[in-house]
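What follows is the content of work_38.txt (compact mmCIF, C-alpha atoms).
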# COMPACT_ATOMS: atom_id res chain seq x y z
CA MET A 29 0.00 0.00 0.00
CA HIS A 30 1.31 3.37 -0.99
CA LYS A 31 0.50 6.19 1.41
CA ILE A 32 2.16 9.58 1.19
CA LYS A 33 1.47 13.03 2.52
CA LEU A 34 0.17 14.95 -0.46
CA ALA A 35 -0.72 18.62 -0.81
CA LEU A 36 -3.61 18.51 -3.26
CA LEU A 37 -3.54 21.03 -6.10
CA SER A 38 -6.21 23.67 -5.73
CA ALA A 39 -5.48 26.30 -8.38
CA PHE A 40 -6.49 24.11 -11.31
CA THR A 41 -8.60 21.39 -9.71
CA ILE A 42 -12.38 21.49 -9.99
CA ALA A 43 -14.00 20.42 -6.73
CA LEU A 44 -15.97 17.35 -7.70
CA SER A 45 -18.29 15.36 -5.45
CA GLY A 46 -18.53 12.05 -7.24
CA CYS A 47 -20.01 13.38 -10.48
CA GLY A 48 -18.61 14.92 -13.63
CA ALA A 49 -18.01 18.63 -14.24
CA THR A 50 -20.96 20.51 -15.69
CA GLY A 51 -21.68 23.69 -17.58
CA ASP A 52 -18.82 25.56 -19.25
CA SER A 53 -16.20 24.51 -16.69
CA ALA A 54 -13.11 22.92 -18.16
CA PRO A 55 -12.52 19.31 -17.09
CA ALA A 56 -10.08 18.79 -14.25
CA PRO A 57 -6.60 17.90 -15.47
CA GLU A 58 -5.81 14.23 -15.19
CA LYS A 59 -3.65 13.48 -12.17
CA SER A 60 -0.42 11.58 -12.32
CA ALA A 61 0.14 8.27 -10.56
CA ALA A 62 2.29 10.07 -8.01
CA GLU A 63 -0.49 12.51 -7.21
CA LEU A 64 -2.92 9.64 -6.62
CA ALA A 65 -0.49 7.59 -4.53
CA TYR A 66 -2.36 8.47 -1.34
CA ILE A 67 -5.02 6.02 -2.54
CA SER A 68 -4.11 2.34 -2.28
CA ASP A 69 -3.93 0.14 -5.36
CA ALA A 70 -6.23 -2.18 -3.40
CA SER A 71 -9.07 0.34 -3.41
CA PRO A 72 -12.27 -1.23 -4.78
CA ILE A 73 -13.23 2.22 -6.10
CA ALA A 74 -11.34 3.63 -9.08
CA LYS A 75 -8.62 5.99 -7.86
CA SER A 76 -9.81 8.90 -9.99
CA ARG A 77 -13.36 8.51 -8.72
CA LEU A 78 -12.37 8.29 -5.07
CA ASP A 79 -9.94 11.20 -5.47
CA ALA A 80 -12.72 13.34 -6.98
CA ALA A 81 -14.84 12.75 -3.88
CA ILE A 82 -11.98 13.39 -1.43
CA THR A 83 -10.48 16.48 -3.10
CA PRO A 84 -13.26 18.93 -2.04
CA LEU A 85 -12.55 18.21 1.62
CA PHE A 86 -9.13 19.80 1.17
CA ASP A 87 -9.76 22.29 -1.63
CA ASP A 88 -13.32 23.59 -1.31
CA PRO A 89 -13.53 26.66 0.99
CA ALA A 90 -16.99 25.51 2.07
CA MET A 91 -15.33 22.59 3.85
CA ALA A 92 -12.94 24.92 5.73
CA GLU A 93 -9.81 23.12 6.90
CA THR A 94 -9.44 19.36 6.67
CA ARG A 95 -6.23 18.21 8.35
CA ALA A 96 -6.56 14.45 7.95
CA LEU A 97 -8.75 12.02 6.01
CA LEU A 98 -8.46 8.25 6.34
CA VAL A 99 -10.64 5.62 4.69
CA MET A 100 -10.62 1.97 5.75
CA HIS A 101 -12.43 -0.73 3.79
CA GLN A 102 -12.59 -4.34 4.93
CA GLY A 103 -10.05 -3.54 7.61
CA LYS A 104 -7.42 -2.03 5.30
CA ILE A 105 -6.43 1.60 4.78
CA ILE A 106 -7.28 2.43 1.19
CA ALA A 107 -6.87 6.22 1.36
CA GLU A 108 -4.90 8.43 3.73
CA LEU A 109 -4.28 12.11 3.20
CA TYR A 110 -2.97 14.93 5.41
CA GLY A 111 -2.96 18.70 5.11
CA ASP A 112 0.22 20.74 5.27
CA GLY A 113 1.96 20.38 8.62
CA TYR A 114 0.21 17.14 9.60
CA ASP A 115 1.08 13.48 9.11
CA ALA A 116 0.45 9.97 10.39
CA ASP A 117 2.30 10.72 13.64
CA THR A 118 0.29 13.86 14.48
CA ARG A 119 -2.00 13.56 17.48
CA PHE A 120 -5.31 15.34 16.90
CA ILE A 121 -7.70 16.48 19.62
CA SER A 122 -10.89 14.45 19.80
CA TRP A 123 -13.24 17.02 21.23
CA SER A 124 -16.59 15.24 21.68
CA MET A 125 -15.52 12.07 19.91
CA ALA A 126 -14.18 11.27 23.39
CA LYS A 127 -17.77 10.70 24.52
CA SER A 128 -17.95 7.47 22.52
CA PHE A 129 -14.74 6.29 24.17
CA THR A 130 -16.40 6.98 27.53
CA GLY A 131 -19.43 4.96 26.44
CA VAL A 132 -17.19 1.99 25.69
CA LEU A 133 -15.36 2.29 29.03
CA ILE A 134 -18.67 2.26 30.89
CA GLY A 135 -19.53 -0.86 28.89
CA PHE A 136 -16.48 -2.68 30.22
CA LEU A 137 -17.55 -1.97 33.80
CA VAL A 138 -21.13 -3.08 33.12
CA ALA A 139 -19.77 -6.27 31.56
CA ASP A 140 -17.64 -6.80 34.67
CA GLY A 141 -20.73 -6.54 36.86
CA ARG A 142 -19.42 -3.43 38.60
CA LEU A 143 -22.10 -1.13 37.18
CA VAL A 144 -25.74 -1.79 36.24
CA LEU A 145 -27.31 0.02 33.29
CA ASP A 146 -30.71 0.69 34.84
CA ASP A 147 -29.62 1.28 38.42
CA PRO A 148 -29.39 4.83 39.80
CA ALA A 149 -26.04 6.33 38.86
CA PRO A 150 -23.58 5.98 41.79
CA VAL A 151 -22.90 9.68 42.36
CA PRO A 152 -22.38 10.45 46.08
CA ALA A 153 -23.54 14.07 45.71
CA TRP A 154 -26.98 12.84 44.62
CA GLN A 155 -27.62 10.41 47.45
CA ARG A 156 -29.14 12.83 49.96
CA SER A 157 -32.73 12.08 50.93
CA GLY A 158 -35.21 13.83 48.66
CA ASP A 159 -32.66 14.71 45.97
CA PRO A 160 -34.40 13.96 42.62
CA ARG A 161 -31.02 13.47 40.96
CA GLY A 162 -30.71 10.21 42.88
CA GLU A 163 -33.21 8.70 40.43
CA ILE A 164 -31.02 9.30 37.35
CA THR A 165 -29.89 5.99 35.86
CA LEU A 166 -26.74 5.11 33.99
CA ARG A 167 -28.83 4.51 30.86
CA GLN A 168 -30.27 8.02 31.05
CA LEU A 169 -26.81 9.55 31.34
CA LEU A 170 -25.54 7.54 28.39
CA GLN A 171 -28.54 8.57 26.29
CA MET A 172 -28.30 12.26 27.26
CA SER A 173 -31.67 12.20 29.01
CA SER A 174 -30.70 12.83 32.63
CA GLY A 175 -32.89 15.88 33.10
CA LEU A 176 -29.98 17.93 34.45
CA ASP A 177 -29.89 21.63 33.60
CA HIS A 178 -26.94 22.22 31.30
CA THR A 179 -26.27 24.76 28.57
CA GLU A 180 -23.86 23.16 26.13
CA THR A 181 -23.11 26.26 24.03
CA ALA A 182 -23.65 29.99 24.32
CA GLU A 183 -25.86 29.90 21.21
CA GLU A 184 -28.23 27.37 22.77
CA GLY A 185 -28.84 29.31 25.95
CA GLY A 186 -28.59 32.87 24.74
CA LYS A 187 -25.58 33.38 26.98
CA THR A 188 -22.13 34.80 26.46
CA VAL A 189 -19.27 32.44 25.69
CA PHE A 190 -18.16 32.83 29.30
CA GLU A 191 -21.54 31.77 30.69
CA ALA A 192 -22.10 28.53 28.77
CA ASP A 193 -21.73 25.57 31.11
CA THR A 194 -19.30 23.63 28.93
CA ASN A 195 -16.86 26.54 28.77
CA ARG A 196 -17.19 27.29 32.47
CA MET A 197 -16.68 23.63 33.34
CA LEU A 198 -13.67 23.02 31.11
CA PHE A 199 -11.86 26.34 31.17
CA LEU A 200 -13.17 28.65 33.94
CA ASP A 201 -14.55 28.12 37.45
CA GLY A 202 -15.18 24.40 37.00
CA ALA A 203 -11.83 23.49 35.48
CA GLN A 204 -10.18 22.34 38.72
CA ASP A 205 -12.85 19.66 39.24
CA VAL A 206 -15.06 19.18 36.20
CA ALA A 207 -17.07 16.35 37.75
CA ALA A 208 -17.98 18.42 40.80
CA TYR A 209 -19.19 21.23 38.53
CA ALA A 210 -21.25 18.82 36.40
CA GLU A 211 -22.71 16.90 39.33
CA ALA A 212 -23.80 20.11 41.06
CA ARG A 213 -26.19 21.08 38.25
CA PRO A 214 -29.88 21.15 39.27
CA MET A 215 -32.70 19.31 37.55
CA GLU A 216 -34.75 20.97 34.80
CA ALA A 217 -36.80 17.91 33.80
CA ARG A 218 -37.64 14.48 35.12
CA PRO A 219 -35.01 11.81 34.38
CA GLY A 220 -35.66 10.23 30.99
CA GLU A 221 -38.13 12.94 29.93
CA LYS A 222 -36.08 14.96 27.41
CA PHE A 223 -32.92 14.78 25.32
CA GLU A 224 -30.25 17.37 26.00
CA TYR A 225 -26.77 16.89 24.58
CA SER A 226 -24.34 17.65 27.37
CA THR A 227 -20.58 17.43 27.80
CA ALA A 228 -21.16 17.67 31.55
CA THR A 229 -23.04 14.36 31.38
CA SER A 230 -19.97 12.64 29.95
CA MET A 231 -17.80 14.13 32.69
CA ILE A 232 -20.17 12.64 35.27
CA LEU A 233 -19.74 9.26 33.58
CA SER A 234 -15.97 9.73 33.65
CA ASP A 235 -16.14 10.36 37.38
CA ILE A 236 -18.30 7.25 37.81
CA ILE A 237 -15.63 5.22 36.01
CA THR A 238 -12.94 6.40 38.40
CA ARG A 239 -15.09 6.05 41.54
CA THR A 240 -15.86 2.49 40.47
CA LEU A 241 -12.16 1.73 40.16
CA THR A 242 -10.96 3.42 43.37
CA ARG A 243 -12.24 5.09 46.54
CA SER A 244 -9.21 7.33 46.68
CA THR A 245 -9.71 11.08 46.37
CA ASP A 246 -6.02 11.67 45.68
CA PRO A 247 -5.82 13.19 42.17
CA GLN A 248 -2.67 11.27 41.21
CA VAL A 249 -4.12 7.95 42.36
CA ARG A 250 -7.38 8.64 40.51
CA ARG A 251 -5.50 9.53 37.36
CA ASP A 252 -3.10 6.59 37.48
CA ILE A 253 -5.76 3.96 38.16
CA THR A 254 -8.08 5.30 35.47
CA LEU A 255 -5.27 5.57 32.93
CA ARG A 256 -4.19 2.01 33.66
CA PHE A 257 -7.77 0.86 33.11
CA ILE A 258 -8.11 2.74 29.81
CA ARG A 259 -4.80 1.42 28.54
CA GLY A 260 -5.31 -2.14 29.69
CA ARG A 261 -8.88 -2.60 28.49
CA LEU A 262 -8.94 -0.43 25.36
CA LEU A 263 -5.75 1.14 24.06
CA GLU A 264 -3.33 -1.77 24.34
CA PRO A 265 -5.72 -4.49 23.05
CA LEU A 266 -6.51 -2.27 20.04
CA GLY A 267 -2.89 -1.29 19.40
CA MET A 268 -3.70 2.40 19.92
CA ASP A 269 -0.22 3.39 21.04
CA GLY A 270 -0.57 6.97 19.75
CA THR A 271 -3.53 7.80 21.99
CA TYR A 272 -3.34 9.93 25.14
CA PRO A 273 -6.36 10.62 27.37
CA GLU A 274 -6.23 13.88 29.32
CA PHE A 275 -7.25 14.56 32.93
CA ASP A 276 -8.29 17.53 35.03
CA PRO A 277 -6.39 18.55 38.22
CA SER A 278 -8.70 16.37 40.37
CA GLY A 279 -7.69 13.28 38.40
CA THR A 280 -10.90 12.95 36.36
CA PHE A 281 -10.57 11.72 32.79
CA LEU A 282 -11.85 14.42 30.43
CA GLY A 283 -14.07 11.85 28.75
CA GLY A 284 -16.44 14.38 27.26
CA SER A 285 -13.90 16.38 25.32
CA ILE A 286 -10.20 15.72 25.32
CA ILE A 287 -8.31 12.75 23.97
CA GLN A 288 -5.25 13.22 21.76
CA ALA A 289 -4.75 10.53 19.11
CA THR A 290 -3.49 9.87 15.60
CA ALA A 291 -5.90 9.46 12.70
CA ARG A 292 -4.96 5.78 12.49
CA ASP A 293 -5.79 5.25 16.15
CA TYR A 294 -9.17 6.89 15.73
CA ALA A 295 -9.75 4.52 12.81
CA LYS A 296 -8.82 1.54 15.00
CA PHE A 297 -11.47 2.62 17.49
CA GLY A 298 -14.05 2.83 14.71
CA GLU A 299 -13.08 -0.59 13.42
CA PHE A 300 -13.37 -2.02 16.93
CA LEU A 301 -17.00 -0.92 17.05
CA ARG A 302 -17.59 -2.05 13.46
CA HIS A 303 -16.55 -5.52 14.61
CA LYS A 304 -18.99 -5.28 17.54
CA GLY A 305 -16.32 -5.00 20.21
CA ALA A 306 -13.94 -7.60 18.81
CA ARG A 307 -10.39 -7.42 17.47
CA LYS A 308 -8.42 -10.19 15.83
CA GLY A 309 -10.97 -12.77 16.93
CA ALA A 310 -10.97 -11.72 20.59
CA GLN A 311 -14.24 -10.34 22.00
CA HIS A 312 -13.22 -7.51 24.33
CA LEU A 313 -16.58 -5.73 24.67
CA PRO A 314 -19.88 -7.63 24.68
CA VAL A 315 -21.79 -7.53 21.41
CA SER A 316 -24.86 -6.60 23.45
CA TRP A 317 -23.16 -3.41 24.63
CA VAL A 318 -22.29 -2.29 21.11
CA ARG A 319 -25.91 -3.05 20.17
CA PHE A 320 -27.06 -0.82 23.05
CA MET A 321 -24.74 1.99 22.00
CA THR A 322 -25.97 1.85 18.38
CA THR A 323 -29.70 1.62 19.16
CA SER A 324 -31.80 4.79 19.05
CA SER A 325 -32.65 6.33 22.39
CA GLU A 326 -36.29 7.14 23.17
CA ASN A 327 -35.91 10.90 22.95
CA ASP A 328 -33.79 11.21 19.78
CA ALA A 329 -33.59 8.55 17.07
CA ALA A 330 -30.21 9.92 15.92
CA TYR A 331 -28.56 9.31 19.29
CA GLY A 332 -27.79 6.01 20.93
CA GLY A 333 -25.60 5.30 23.93
CA HIS A 334 -23.01 8.07 23.65
CA ILE A 335 -22.77 7.77 19.88
CA TRP A 336 -24.58 9.38 16.91
CA LEU A 337 -26.71 7.41 14.44
CA ASN A 338 -27.52 8.02 10.77
CA LYS A 339 -31.20 8.67 11.38
CA HIS A 340 -33.57 11.61 11.19
CA ARG A 341 -33.86 13.72 14.31
CA PRO A 342 -37.06 15.16 15.78
CA GLU A 343 -38.27 18.36 14.15
CA GLY A 344 -36.35 21.45 15.18
CA ARG A 345 -33.05 19.75 15.98
CA ASN A 346 -29.96 20.23 13.85
CA PRO A 347 -29.38 17.27 11.51
CA VAL A 348 -26.31 15.10 11.92
CA LEU A 349 -24.67 12.77 9.38
CA PHE A 350 -26.61 12.04 6.17
CA PRO A 351 -29.72 9.89 6.79
CA ASP A 352 -30.95 10.34 3.20
CA ASN A 353 -27.68 9.13 1.69
CA GLY A 354 -26.59 5.95 3.38
CA PRO A 355 -27.68 2.96 5.48
CA ASP A 356 -29.37 3.76 8.77
CA THR A 357 -26.89 1.37 10.40
CA ILE A 358 -24.13 3.98 10.04
CA PHE A 359 -22.98 5.42 13.36
CA ALA A 360 -20.37 7.98 14.31
CA ALA A 361 -18.31 9.58 17.03
CA LEU A 362 -18.55 13.32 16.34
CA GLY A 363 -16.63 16.23 17.80
CA HIS A 364 -16.45 20.02 17.83
CA LEU A 365 -15.12 21.63 14.61
CA GLY A 366 -15.91 18.60 12.47
CA GLN A 367 -13.98 15.74 14.04
CA GLN A 368 -15.56 12.52 12.79
CA ILE A 369 -15.17 8.76 13.02
CA VAL A 370 -17.95 7.44 10.76
CA VAL A 371 -18.58 3.69 10.63
CA SER A 372 -20.75 1.71 8.21
CA PRO A 373 -20.92 -1.98 9.13
CA ASP A 374 -23.02 -2.77 6.04
CA GLN A 375 -20.30 -1.31 3.81
CA GLN A 376 -17.35 -2.63 5.86
CA LEU A 377 -16.19 0.97 6.02
CA THR A 378 -14.65 3.37 8.53
CA VAL A 379 -13.89 7.00 7.62
CA VAL A 380 -11.98 9.43 9.82
CA ARG A 381 -12.00 13.17 9.15
CA LEU A 382 -10.10 15.60 11.36
CA GLY A 383 -9.86 19.34 10.94
CA LYS A 384 -11.36 22.71 11.77
CA THR A 385 -14.79 23.59 10.42
CA GLN A 386 -17.03 25.84 12.48
CA ASP A 387 -19.98 23.96 13.93
CA ASP A 388 -22.61 26.17 12.28
CA VAL A 389 -21.33 25.38 8.77
CA LEU A 390 -20.64 21.66 9.08
CA ALA A 391 -23.32 20.53 6.65
CA PRO A 392 -21.26 20.67 3.40
CA MET A 393 -18.36 18.77 4.93
CA SER A 394 -20.59 16.14 6.50
CA ALA A 395 -22.46 15.71 3.22
CA GLN A 396 -19.16 15.19 1.40
CA ILE A 397 -18.23 12.40 3.81
CA GLY A 398 -21.58 10.88 2.91
CA ARG A 399 -20.71 11.10 -0.80
CA ILE A 400 -17.41 9.34 -0.22
CA MET A 401 -19.13 6.55 1.67
CA ALA A 402 -21.88 6.26 -0.93
CA LEU A 403 -19.28 5.15 -3.48
CA PHE A 404 -18.94 1.85 -1.65
CA PRO A 405 -21.53 -0.91 -2.11
CA VAL A 406 -23.75 -2.17 0.68
CA ARG A 407 -23.29 -5.85 1.36
CA GLY A 408 -26.21 -7.95 0.23
Now that the file is in, can you turn its structure into structure tokens?
Amino acid sequence: MHKIKLALLSAFTIALSGCGATGDSAPAPEKSAAELAYISDASPIAKSRLDAAITPLFDDPAMAETRALLVMHQGKIIAELYGDGYDADTRFISWSMAKSFTGVLIGFLVADGRLVLDDPAPVPAWQRSGDPRGEITLRQLLQMSSGLDHTETAEEGGKTVFEADTNRMLFLDGAQDVAAYAEARPMEARPGEKFEYSTATSMILSDIITRTLTRSTDPQVRRDITLRFIRGRLLEPLGMDGTYPEFDPSGTFLGGSIIQATARDYAKFGEFLRHKGARKGAQHLPVSWVRFMTTSSENDAAYGGHIWLNKHRPEGRNPVLFPDNGPDTIFAALGHLGQQIVVSPDQQLTVVRLGKTQDDVLAPMSAQIGRIMALFPVRG
């Protein structure tokens, strides 16, 4: 397999999206073998056709900045391309893709019998008599239906950037102990009643992971034990040696927002879920847990257990993925500024896109990922 870092030509390349040029535009110049070497000879899709679908991600201003694109088919890398200044050894921030990692880590503890999906979440701050938060279950946290009051972004709550809960929790008054900030939020709805996407929810789950592993309140102990768990159960079995979880000063894994990893490691995580929690014939995560993660929650068909699904959302909610252009079995870990691990089991496909596209203009980029995936046949 030939994989090289290639700066795609933009001055003379027409941005195609899987179809031919139209109107009076001149046809794109034919690319040399060297220019197409970022696509493997083993690709089941003609190199020119796949290149035409990938090129806009790097050249079209509507896509903003793509820093890495990796396509795996049937477990093999068939296309890998990086923007200037990035390569296969670069570690990219996950942003909210980390939430899906947290969902998997919770799954290990449920499989071990140390947590129960439909039991009240073991959060000490909620155990006081009469506290309605004591009724919130693990399932409701995983499906973003806890009922906790949380403003994810300033735009959602009509607040300034300094008032949004996510920013306060990660970077301002909550940054020393993100779990304490998240767990102190009051209720705004009954548990299970409404969907509200919340980074704070994932931080609560991260704290639950650590509290399940140790009773220590020492930040270094909390960090070390949690990191050993993450490495031993997930990173080492999957060969993700370029992945680094980050922690807050209290020793809580920042499982809602911050993992640093290479594009190839993100692809390995996607492949792990494509294989229903197995790698190289070994079943690390129960199939039933992956099925739970990839099943629609009651309050939003496009969200499962800490992972997004390729399905239509209720009216009034921003669309995600491309439900009109691909199997509804597609699922994805998605992050701020267009970080994506998109997995299609029915197409034996995993696509990773990393970069910087503002969240309010993600639609063209996401649609282009859908066009790339649509090139590949669905298994009969």
| query | Distance CA of Leu170 in chain A-CA of Ser128 in chain A, one decimal place? | reply | 9.6 Å
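The nearest approach to Pro373 in chain A among the residues A:Met100, A:Ala74, A:Ile335, A:Val138, with all atoms listed in the file taken into account, belongs to A:Met100.
Residue nearest Met393 in chain A within the list A:Ala62, A:Ile286, A:Leu85, A:Leu143: A:Leu85 [criterion: smallest interatomic distance, only C-alpha atoms].
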Go through range 315-384 of chain A and flag each residue having an atom no more than 12 Å from range 103-111 of chain A; for those, report the closest pair of atoms plus their distance in Å to one decimal, using all atoms listed in the file, ordered by chain and rising number, as a tab-separated table.
residue	atom	partner	partner_atom	distance
A:Val371	CA	A:Gly103	CA	11.6
A:Ser372	CA	A:Gly103	CA	11.9
A:Pro373	CA	A:Gly103	CA	11.1
A:Gln375	CA	A:Gly103	CA	11.2
A:Gln376	CA	A:Gly103	CA	7.6
A:Leu377	CA	A:Gly103	CA	7.8
A:Thr378	CA	A:Gly103	CA	8.4
A:Val379	CA	A:Ala107	CA	9.4
A:Val380	CA	A:Glu108	CA	9.4
A:Arg381	CA	A:Leu109	CA	9.8
A:Leu382	CA	A:Tyr110	CA	9.3
A:Gly383	CA	A:Gly111	CA	9.1
A:Lys384	CA	A:Gly111	CA	11.4
| request: Give as a VMD selection string each residue that has an atom at most 10 Å from (-40.0, 13.3, 29.7) in the file, counting all atoms listed in the file. | output: chain A and resid 173 to 175 217 to 223 326 to 327
Now that the selection is made, can you save its residues with C-alpha atoms as a short mmCIF file (atom, residue, chain, number, x, y, z; two decimals), in the frame of the given file?
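Wrote again16.cif, looks like this:
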data_model
loop_
_atom_site.label_atom_id
_atom_site.label_comp_id
_atom_site.auth_asym_id
_atom_site.auth_seq_id
_atom_site.Cartn_x
_atom_site.Cartn_y
_atom_site.Cartn_z
CA SER A 173 -31.67 12.20 29.01
CA SER A 174 -30.70 12.83 32.63
CA GLY A 175 -32.89 15.88 33.10
CA ALA A 217 -36.80 17.91 33.80
CA ARG A 218 -37.64 14.48 35.12
CA PRO A 219 -35.01 11.81 34.38
CA GLY A 220 -35.66 10.23 30.99
CA GLU A 221 -38.13 12.94 29.93
CA LYS A 222 -36.08 14.96 27.41
CA PHE A 223 -32.92 14.78 25.32
CA GLU A 326 -36.29 7.14 23.17
CA ASN A 327 -35.91 10.90 22.95
#
Some atoms are missing, so please complete range 287-303 of chain A with N, CA, C and O atoms and return it as a tab-separated table (two decimals), keeping the file's coordinate frame.
chain	number	residue	atom	x	y	z
A	287	ILE	N	-9.26	13.83	24.22
A	287	ILE	CA	-8.31	12.75	23.97
A	287	ILE	C	-7.42	13.24	22.83
A	287	ILE	O	-7.89	13.93	21.93
A	288	GLN	N	-6.16	12.90	22.86
A	288	GLN	CA	-5.25	13.22	21.76
A	288	GLN	C	-4.86	11.89	21.10
A	288	GLN	O	-4.40	10.98	21.77
A	289	ALA	N	-5.05	11.79	19.79
A	289	ALA	CA	-4.75	10.53	19.11
A	289	ALA	C	-4.45	10.76	17.64
A	289	ALA	O	-4.83	11.78	17.06
A	290	THR	N	-3.76	9.81	17.03
A	290	THR	CA	-3.49	9.87	15.60
A	290	THR	C	-4.74	9.47	14.82
A	290	THR	O	-5.65	8.83	15.34
A	291	ALA	N	-4.77	9.84	13.56
A	291	ALA	CA	-5.90	9.46	12.70
A	291	ALA	C	-6.04	7.95	12.62
A	291	ALA	O	-7.15	7.41	12.63
A	292	ARG	N	-4.91	7.24	12.57
A	292	ARG	CA	-4.96	5.78	12.49
A	292	ARG	C	-5.54	5.18	13.76
A	292	ARG	O	-6.27	4.17	13.71
A	293	ASP	N	-5.22	5.77	14.92
A	293	ASP	CA	-5.79	5.25	16.15
A	293	ASP	C	-7.29	5.49	16.23
A	293	ASP	O	-8.05	4.63	16.69
A	294	TYR	N	-7.73	6.65	15.77
A	294	TYR	CA	-9.17	6.89	15.73
A	294	TYR	C	-9.85	5.87	14.82
A	294	TYR	O	-10.95	5.37	15.11
A	295	ALA	N	-9.20	5.53	13.72
A	295	ALA	CA	-9.75	4.52	12.81
A	295	ALA	C	-9.81	3.16	13.48
A	295	ALA	O	-10.77	2.39	13.28
A	296	LYS	N	-8.81	2.83	14.28
A	296	LYS	CA	-8.82	1.54	15.00
A	296	LYS	C	-10.01	1.47	15.95
A	296	LYS	O	-10.64	0.41	16.11
A	297	PHE	N	-10.31	2.59	16.60
A	297	PHE	CA	-11.47	2.62	17.49
A	297	PHE	C	-12.76	2.39	16.70
A	297	PHE	O	-13.63	1.61	17.11
A	298	GLY	N	-12.88	3.04	15.55
A	298	GLY	CA	-14.05	2.83	14.71
A	298	GLY	C	-14.18	1.40	14.24
A	298	GLY	O	-15.27	0.81	14.25
A	299	GLU	N	-13.07	0.80	13.86
A	299	GLU	CA	-13.08	-0.59	13.42
A	299	GLU	C	-13.46	-1.54	14.55
A	299	GLU	O	-14.13	-2.54	14.34
A	300	PHE	N	-13.02	-1.21	15.75
A	300	PHE	CA	-13.37	-2.02	16.93
A	300	PHE	C	-14.89	-2.07	17.10
A	300	PHE	O	-15.47	-3.14	17.33
A	301	LEU	N	-15.55	-0.93	16.95
A	301	LEU	CA	-17.00	-0.92	17.05
A	301	LEU	C	-17.66	-1.55	15.83
A	301	LEU	O	-18.72	-2.18	15.95
A	302	ARG	N	-17.04	-1.40	14.67
A	302	ARG	CA	-17.59	-2.05	13.46
A	302	ARG	C	-17.62	-3.57	13.65
A	302	ARG	O	-18.53	-4.25	13.18
A	303	HIS	N	-16.63	-4.08	14.34
A	303	HIS	CA	-16.55	-5.52	14.61
A	303	HIS	C	-17.26	-5.90	15.90
A	303	HIS	O	-17.00	-6.96	16.47
